[in-house]
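Dumped run_10.txt below, it's compact mmCIF, N, CA and C atoms:
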# COMPACT_ATOMS: atom_id res chain seq x y z
N MET V 1 0.85 -1.17 0.00
CA MET V 1 0.00 0.00 0.00
C MET V 1 0.90 1.23 0.00
N SER V 2 0.62 2.15 -0.88
CA SER V 2 1.45 3.34 -0.98
C SER V 2 1.12 4.32 0.16
N PHE V 3 2.00 5.25 0.37
CA PHE V 3 1.84 6.23 1.44
C PHE V 3 0.61 7.11 1.20
N ILE V 4 0.34 7.45 -0.05
CA ILE V 4 -0.82 8.29 -0.37
C ILE V 4 -2.12 7.54 -0.05
N LYS V 5 -2.16 6.25 -0.38
CA LYS V 5 -3.35 5.47 -0.06
C LYS V 5 -3.55 5.35 1.46
N ILE V 6 -2.48 5.25 2.19
CA ILE V 6 -2.59 5.19 3.66
C ILE V 6 -3.17 6.49 4.20
N LEU V 7 -2.72 7.62 3.65
CA LEU V 7 -3.24 8.91 4.11
C LEU V 7 -4.71 9.09 3.75
N LYS V 8 -5.13 8.50 2.63
CA LYS V 8 -6.52 8.63 2.20
C LYS V 8 -7.44 7.61 2.87
N ALA V 9 -6.88 6.63 3.56
CA ALA V 9 -7.68 5.59 4.20
C ALA V 9 -8.56 6.20 5.29
N PRO V 10 -9.73 5.65 5.51
CA PRO V 10 -10.60 6.17 6.56
C PRO V 10 -9.92 6.13 7.92
N SER V 11 -10.22 7.10 8.72
CA SER V 11 -9.56 7.20 10.02
C SER V 11 -9.94 6.07 10.95
N LYS V 12 -11.08 5.40 10.71
CA LYS V 12 -11.49 4.33 11.61
C LYS V 12 -10.58 3.10 11.50
N LEU V 13 -9.79 3.03 10.43
CA LEU V 13 -8.83 1.93 10.34
C LEU V 13 -7.72 2.07 11.37
N PHE V 14 -7.49 3.26 11.84
CA PHE V 14 -6.38 3.50 12.75
C PHE V 14 -6.83 3.73 14.19
N LYS V 15 -8.07 3.40 14.50
CA LYS V 15 -8.55 3.56 15.87
C LYS V 15 -7.84 2.58 16.78
N LYS V 16 -7.60 3.02 17.99
CA LYS V 16 -6.93 2.16 18.96
C LYS V 16 -7.91 1.15 19.52
N ASP V 17 -7.35 0.12 20.13
CA ASP V 17 -8.18 -0.91 20.76
C ASP V 17 -8.89 -0.35 21.98
N VAL V 18 -10.08 -0.87 22.22
CA VAL V 18 -10.85 -0.54 23.40
C VAL V 18 -10.67 -1.69 24.38
N ILE V 19 -10.44 -1.36 25.65
CA ILE V 19 -10.23 -2.39 26.66
C ILE V 19 -11.50 -2.52 27.49
N THR V 20 -11.99 -3.74 27.60
CA THR V 20 -13.16 -4.05 28.40
C THR V 20 -12.75 -4.99 29.52
N PHE V 21 -13.12 -4.64 30.74
CA PHE V 21 -12.76 -5.43 31.91
C PHE V 21 -13.92 -6.34 32.30
N LEU V 22 -13.58 -7.58 32.69
CA LEU V 22 -14.58 -8.60 32.98
C LEU V 22 -14.22 -9.39 34.22
N THR V 23 -15.22 -9.91 34.90
CA THR V 23 -15.05 -11.01 35.85
C THR V 23 -15.83 -12.18 35.27
N ILE V 24 -15.39 -13.40 35.56
CA ILE V 24 -15.96 -14.57 34.92
C ILE V 24 -16.63 -15.45 35.98
N ARG V 25 -17.83 -15.90 35.65
CA ARG V 25 -18.56 -16.87 36.46
C ARG V 25 -18.83 -18.08 35.59
N ARG V 26 -18.12 -19.17 35.87
CA ARG V 26 -18.28 -20.41 35.09
C ARG V 26 -19.23 -21.33 35.83
N HIS V 27 -20.52 -21.17 35.60
CA HIS V 27 -21.51 -22.03 36.24
C HIS V 27 -21.44 -23.45 35.69
N ASP V 28 -20.89 -23.60 34.49
CA ASP V 28 -20.75 -24.94 33.92
C ASP V 28 -19.69 -25.75 34.64
N LEU V 29 -18.70 -25.09 35.21
CA LEU V 29 -17.64 -25.77 35.96
C LEU V 29 -17.76 -25.56 37.47
N GLY V 30 -18.69 -24.72 37.88
CA GLY V 30 -18.85 -24.43 39.30
C GLY V 30 -17.79 -23.49 39.84
N VAL V 31 -17.24 -22.61 38.99
CA VAL V 31 -16.17 -21.70 39.38
C VAL V 31 -16.68 -20.26 39.33
N LEU V 32 -16.60 -19.57 40.46
CA LEU V 32 -16.91 -18.14 40.49
C LEU V 32 -15.60 -17.41 40.71
N ASP V 33 -15.05 -16.87 39.65
CA ASP V 33 -13.72 -16.27 39.67
C ASP V 33 -13.83 -14.77 39.91
N ASN V 34 -13.12 -14.26 40.92
CA ASN V 34 -13.15 -12.83 41.22
C ASN V 34 -11.96 -12.09 40.62
N LYS V 35 -11.18 -12.77 39.77
CA LYS V 35 -10.07 -12.11 39.10
C LYS V 35 -10.61 -11.16 38.04
N LEU V 36 -9.84 -10.15 37.76
CA LEU V 36 -10.20 -9.17 36.74
C LEU V 36 -9.50 -9.56 35.43
N TYR V 37 -10.27 -9.78 34.39
CA TYR V 37 -9.75 -10.10 33.06
C TYR V 37 -10.04 -8.93 32.13
N TYR V 38 -9.37 -8.92 30.99
CA TYR V 38 -9.68 -7.87 30.01
C TYR V 38 -9.66 -8.45 28.61
N ILE V 39 -10.42 -7.79 27.75
CA ILE V 39 -10.44 -8.10 26.32
C ILE V 39 -10.19 -6.79 25.59
N ALA V 40 -9.25 -6.80 24.65
CA ALA V 40 -8.94 -5.61 23.86
C ALA V 40 -9.38 -5.85 22.42
N VAL V 41 -10.31 -5.02 21.94
CA VAL V 41 -10.79 -5.11 20.56
C VAL V 41 -10.93 -3.71 19.99
N LYS V 42 -10.98 -3.64 18.68
CA LYS V 42 -11.23 -2.36 18.03
C LYS V 42 -12.71 -2.02 18.14
N PRO V 43 -13.07 -0.74 18.17
CA PRO V 43 -14.49 -0.37 18.25
C PRO V 43 -15.32 -0.85 17.06
N THR V 44 -14.65 -1.20 15.97
CA THR V 44 -15.35 -1.68 14.78
C THR V 44 -15.25 -3.19 14.62
N ALA V 45 -14.88 -3.90 15.69
CA ALA V 45 -14.68 -5.34 15.62
C ALA V 45 -15.99 -6.05 15.25
N SER V 46 -15.86 -7.11 14.47
CA SER V 46 -17.03 -7.87 14.05
C SER V 46 -17.44 -8.84 15.16
N ILE V 47 -18.62 -9.41 14.99
CA ILE V 47 -19.13 -10.39 15.95
C ILE V 47 -18.20 -11.60 16.02
N SER V 48 -17.66 -12.02 14.88
CA SER V 48 -16.77 -13.18 14.89
C SER V 48 -15.48 -12.90 15.65
N VAL V 49 -14.98 -11.68 15.59
CA VAL V 49 -13.78 -11.32 16.36
C VAL V 49 -14.11 -11.33 17.86
N LEU V 50 -15.27 -10.78 18.22
CA LEU V 50 -15.68 -10.79 19.63
C LEU V 50 -15.84 -12.23 20.12
N ARG V 51 -16.46 -13.05 19.30
CA ARG V 51 -16.65 -14.46 19.68
C ARG V 51 -15.31 -15.15 19.87
N GLN V 52 -14.37 -14.91 18.96
CA GLN V 52 -13.06 -15.54 19.05
C GLN V 52 -12.35 -15.11 20.33
N LYS V 53 -12.42 -13.84 20.70
CA LYS V 53 -11.77 -13.35 21.92
C LYS V 53 -12.39 -13.97 23.17
N VAL V 54 -13.72 -14.05 23.19
CA VAL V 54 -14.41 -14.62 24.35
C VAL V 54 -14.10 -16.11 24.46
N TRP V 55 -14.16 -16.84 23.33
CA TRP V 55 -13.87 -18.27 23.35
C TRP V 55 -12.44 -18.52 23.83
N HIS V 56 -11.49 -17.70 23.39
CA HIS V 56 -10.10 -17.85 23.81
C HIS V 56 -9.96 -17.57 25.31
N LEU V 57 -10.60 -16.53 25.80
CA LEU V 57 -10.54 -16.18 27.21
C LEU V 57 -11.12 -17.30 28.08
N LEU V 58 -12.22 -17.89 27.63
CA LEU V 58 -12.88 -18.95 28.40
C LEU V 58 -12.30 -20.33 28.14
N ASP V 59 -11.42 -20.45 27.16
CA ASP V 59 -10.80 -21.71 26.77
C ASP V 59 -11.87 -22.74 26.42
N LEU V 60 -12.79 -22.34 25.55
CA LEU V 60 -13.87 -23.22 25.08
C LEU V 60 -13.49 -23.83 23.74
N PRO V 61 -14.02 -25.02 23.45
CA PRO V 61 -13.78 -25.58 22.10
C PRO V 61 -14.55 -24.78 21.06
N ASP V 62 -14.20 -25.00 19.80
CA ASP V 62 -14.84 -24.26 18.71
C ASP V 62 -16.35 -24.45 18.68
N TYR V 63 -16.79 -25.66 18.93
CA TYR V 63 -18.23 -25.93 18.93
C TYR V 63 -18.63 -26.41 20.32
N CYS V 64 -19.46 -25.63 20.99
CA CYS V 64 -19.90 -26.00 22.32
C CYS V 64 -21.35 -25.54 22.50
N ASP V 65 -22.01 -26.14 23.47
CA ASP V 65 -23.42 -25.82 23.71
C ASP V 65 -23.59 -24.86 24.88
N GLU V 66 -22.52 -24.42 25.50
CA GLU V 66 -22.63 -23.54 26.64
C GLU V 66 -23.32 -22.23 26.26
N ILE V 67 -24.04 -21.66 27.20
CA ILE V 67 -24.72 -20.38 27.01
C ILE V 67 -23.86 -19.32 27.68
N ILE V 68 -23.53 -18.27 26.93
CA ILE V 68 -22.66 -17.21 27.43
C ILE V 68 -23.49 -15.94 27.55
N LYS V 69 -23.44 -15.33 28.73
CA LYS V 69 -24.19 -14.10 28.99
C LYS V 69 -23.22 -13.03 29.49
N LEU V 70 -23.45 -11.82 29.06
CA LEU V 70 -22.70 -10.66 29.53
C LEU V 70 -23.66 -9.80 30.33
N GLU V 71 -23.27 -9.46 31.56
CA GLU V 71 -24.12 -8.66 32.43
C GLU V 71 -23.34 -7.48 32.97
N SER V 72 -24.08 -6.41 33.27
CA SER V 72 -23.48 -5.27 33.96
C SER V 72 -23.46 -5.58 35.45
N GLU V 73 -22.84 -4.70 36.24
CA GLU V 73 -22.76 -4.93 37.68
C GLU V 73 -24.12 -5.00 38.35
N ASP V 74 -25.08 -4.28 37.81
CA ASP V 74 -26.41 -4.27 38.42
C ASP V 74 -27.29 -5.42 37.92
N GLY V 75 -26.75 -6.37 37.17
CA GLY V 75 -27.48 -7.55 36.74
C GLY V 75 -28.22 -7.41 35.44
N LYS V 76 -28.09 -6.29 34.76
CA LYS V 76 -28.77 -6.08 33.48
C LYS V 76 -28.02 -6.86 32.39
N GLU V 77 -28.76 -7.66 31.62
CA GLU V 77 -28.14 -8.45 30.56
C GLU V 77 -27.81 -7.56 29.37
N LEU V 78 -26.60 -7.72 28.85
CA LEU V 78 -26.10 -6.89 27.75
C LEU V 78 -25.73 -7.77 26.56
N PRO V 79 -25.84 -7.24 25.34
CA PRO V 79 -25.33 -7.99 24.19
C PRO V 79 -23.81 -7.99 24.19
N LEU V 80 -23.22 -9.02 23.59
CA LEU V 80 -21.75 -9.11 23.55
C LEU V 80 -21.12 -7.96 22.79
N THR V 81 -21.90 -7.24 22.00
CA THR V 81 -21.35 -6.10 21.27
C THR V 81 -20.94 -4.98 22.22
N TYR V 82 -21.37 -5.02 23.47
CA TYR V 82 -20.92 -4.03 24.45
C TYR V 82 -19.43 -4.17 24.75
N LEU V 83 -18.84 -5.30 24.37
CA LEU V 83 -17.39 -5.45 24.55
C LEU V 83 -16.62 -4.45 23.71
N ARG V 84 -17.26 -3.90 22.67
CA ARG V 84 -16.61 -2.90 21.81
C ARG V 84 -16.55 -1.52 22.45
N THR V 85 -17.35 -1.26 23.47
CA THR V 85 -17.43 0.08 24.04
C THR V 85 -16.42 0.32 25.15
N GLY V 86 -15.99 -0.73 25.81
CA GLY V 86 -15.04 -0.59 26.90
C GLY V 86 -15.73 -0.18 28.19
N ASN V 87 -15.00 -0.28 29.28
CA ASN V 87 -15.51 0.12 30.59
C ASN V 87 -14.33 0.38 31.53
N GLU V 88 -14.64 0.75 32.76
CA GLU V 88 -13.61 1.03 33.75
C GLU V 88 -13.34 -0.21 34.59
N PRO V 89 -12.11 -0.39 35.07
CA PRO V 89 -11.81 -1.56 35.89
C PRO V 89 -12.60 -1.58 37.21
N GLN V 90 -13.05 -0.42 37.66
CA GLN V 90 -13.82 -0.36 38.90
C GLN V 90 -15.24 -0.89 38.69
N HIS V 91 -15.70 -0.96 37.44
CA HIS V 91 -17.05 -1.42 37.11
C HIS V 91 -16.98 -2.48 36.00
N PRO V 92 -16.43 -3.66 36.31
CA PRO V 92 -16.29 -4.67 35.25
C PRO V 92 -17.62 -5.32 34.91
N TYR V 93 -17.71 -5.79 33.67
CA TYR V 93 -18.86 -6.59 33.27
C TYR V 93 -18.69 -7.99 33.84
N ILE V 94 -19.78 -8.73 33.94
CA ILE V 94 -19.75 -10.10 34.41
C ILE V 94 -20.05 -11.01 33.23
N LEU V 95 -19.15 -11.94 32.96
CA LEU V 95 -19.31 -12.90 31.87
C LEU V 95 -19.68 -14.24 32.50
N GLU V 96 -20.90 -14.72 32.23
CA GLU V 96 -21.38 -15.97 32.80
C GLU V 96 -21.44 -17.05 31.74
N VAL V 97 -21.07 -18.27 32.13
CA VAL V 97 -21.13 -19.42 31.23
C VAL V 97 -22.00 -20.47 31.90
N TRP V 98 -23.05 -20.89 31.19
CA TRP V 98 -24.01 -21.87 31.70
C TRP V 98 -24.04 -23.09 30.80
N LEU V 99 -24.32 -24.24 31.38
CA LEU V 99 -24.61 -25.42 30.59
C LEU V 99 -26.02 -25.27 30.03
N PRO V 100 -26.29 -25.81 28.85
CA PRO V 100 -27.64 -25.69 28.31
C PRO V 100 -28.65 -26.39 29.22
N GLY V 101 -29.77 -25.71 29.47
CA GLY V 101 -30.81 -26.28 30.31
C GLY V 101 -30.65 -26.00 31.79
N ASN V 102 -29.49 -25.52 32.23
CA ASN V 102 -29.26 -25.24 33.65
C ASN V 102 -29.25 -23.76 33.96
N GLN V 103 -29.68 -22.95 33.04
CA GLN V 103 -29.64 -21.50 33.22
C GLN V 103 -30.81 -21.06 34.08
N SER V 104 -30.60 -20.06 34.93
CA SER V 104 -31.62 -19.63 35.87
C SER V 104 -32.71 -18.78 35.23
N CYS V 105 -32.48 -18.26 34.03
CA CYS V 105 -33.49 -17.48 33.34
C CYS V 105 -33.53 -17.92 31.87
N THR V 106 -34.47 -17.41 31.14
CA THR V 106 -34.61 -17.83 29.75
C THR V 106 -33.45 -17.31 28.92
N PRO V 107 -32.95 -18.10 27.99
CA PRO V 107 -31.81 -17.64 27.17
C PRO V 107 -32.21 -16.58 26.18
N ILE V 108 -31.35 -15.61 26.02
CA ILE V 108 -31.52 -14.54 25.05
C ILE V 108 -30.29 -14.52 24.17
N ASN V 109 -30.47 -14.35 22.89
CA ASN V 109 -29.35 -14.31 21.98
C ASN V 109 -28.57 -13.02 22.22
N THR V 110 -27.38 -13.14 22.82
CA THR V 110 -26.61 -11.96 23.18
C THR V 110 -25.66 -11.54 22.08
N LEU V 111 -25.68 -12.20 20.95
CA LEU V 111 -24.78 -11.82 19.88
C LEU V 111 -25.35 -10.71 19.00
N THR V 112 -26.64 -10.43 19.11
CA THR V 112 -27.21 -9.37 18.30
C THR V 112 -27.07 -8.03 19.00
N SER V 113 -27.00 -6.99 18.22
CA SER V 113 -26.83 -5.67 18.82
C SER V 113 -28.13 -4.97 19.01

Rewrite the structure from the file as structure tokens, please.
Amino acid sequence: MSFIKILKAPSKLFKKDVITFLTIRRHDLGVLDNKLYYIAVKPTASISVLRQKVWHLLDLPDYCDEIIKLESEDGKELPLTYLRTGNEPQHPYILEVWLPGNQSCTPINTLTS
């Protein structure tokens, strides 16, 4: 790519990564982890990139039946696209992993925005 093309490229290509802080609750394994984790993605990241980051953080296989929920501190369920907005370490999101059928509330597709 030439220097002129780089200068003409949209500015959103050069946006910095957004850092989102999380705590993880693995109900499928019976682990409630109070450690602070983070995911760094671009604000324009696709759903597949978000999925790949979450799967890597949770160490899940490519195909699994677990239900993944993202919640705010006050218990409000959020779509996974909120990982693109970032947050403060003092107010981390809660990432919950449930086995299918063992979830305490009805499943909602959290991948849609």

Could you jot down the CA of Pro79 in chain V to CA of Pro43 in chain V separation for me, Å, one decimal place?
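Computing the Euclidean distance for CA of Pro79 in chain V and CA of Pro43 in chain V yields 14.5 Å.
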
V:Leu95, V:Ile4, V:Ala45, V:Leu22: which is nearest Ile68 in chain V, counting only N, CA and C atoms?
V:Leu95

Interatomic distance between CA of Lys16 in chain V and CA of Lys42 in chain V?
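Taking CA of Lys16 in chain V as the start and CA of Lys42 in chain V as the end point, the length is 6.3 Å.
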
Please indicate the distance in Å from CA of Asn87 in chain V to CA of Val18 in chain V, rounded to one decimal place.
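So the answer is 8.6 Å.
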
Excluding same-chain residues fewer than 2 positions from Asp74 in chain V, what lies within 10 Å of it counting only C-alpha atoms, as number ranges by chain?
V: 71-72, 76-77, 91, 93-94
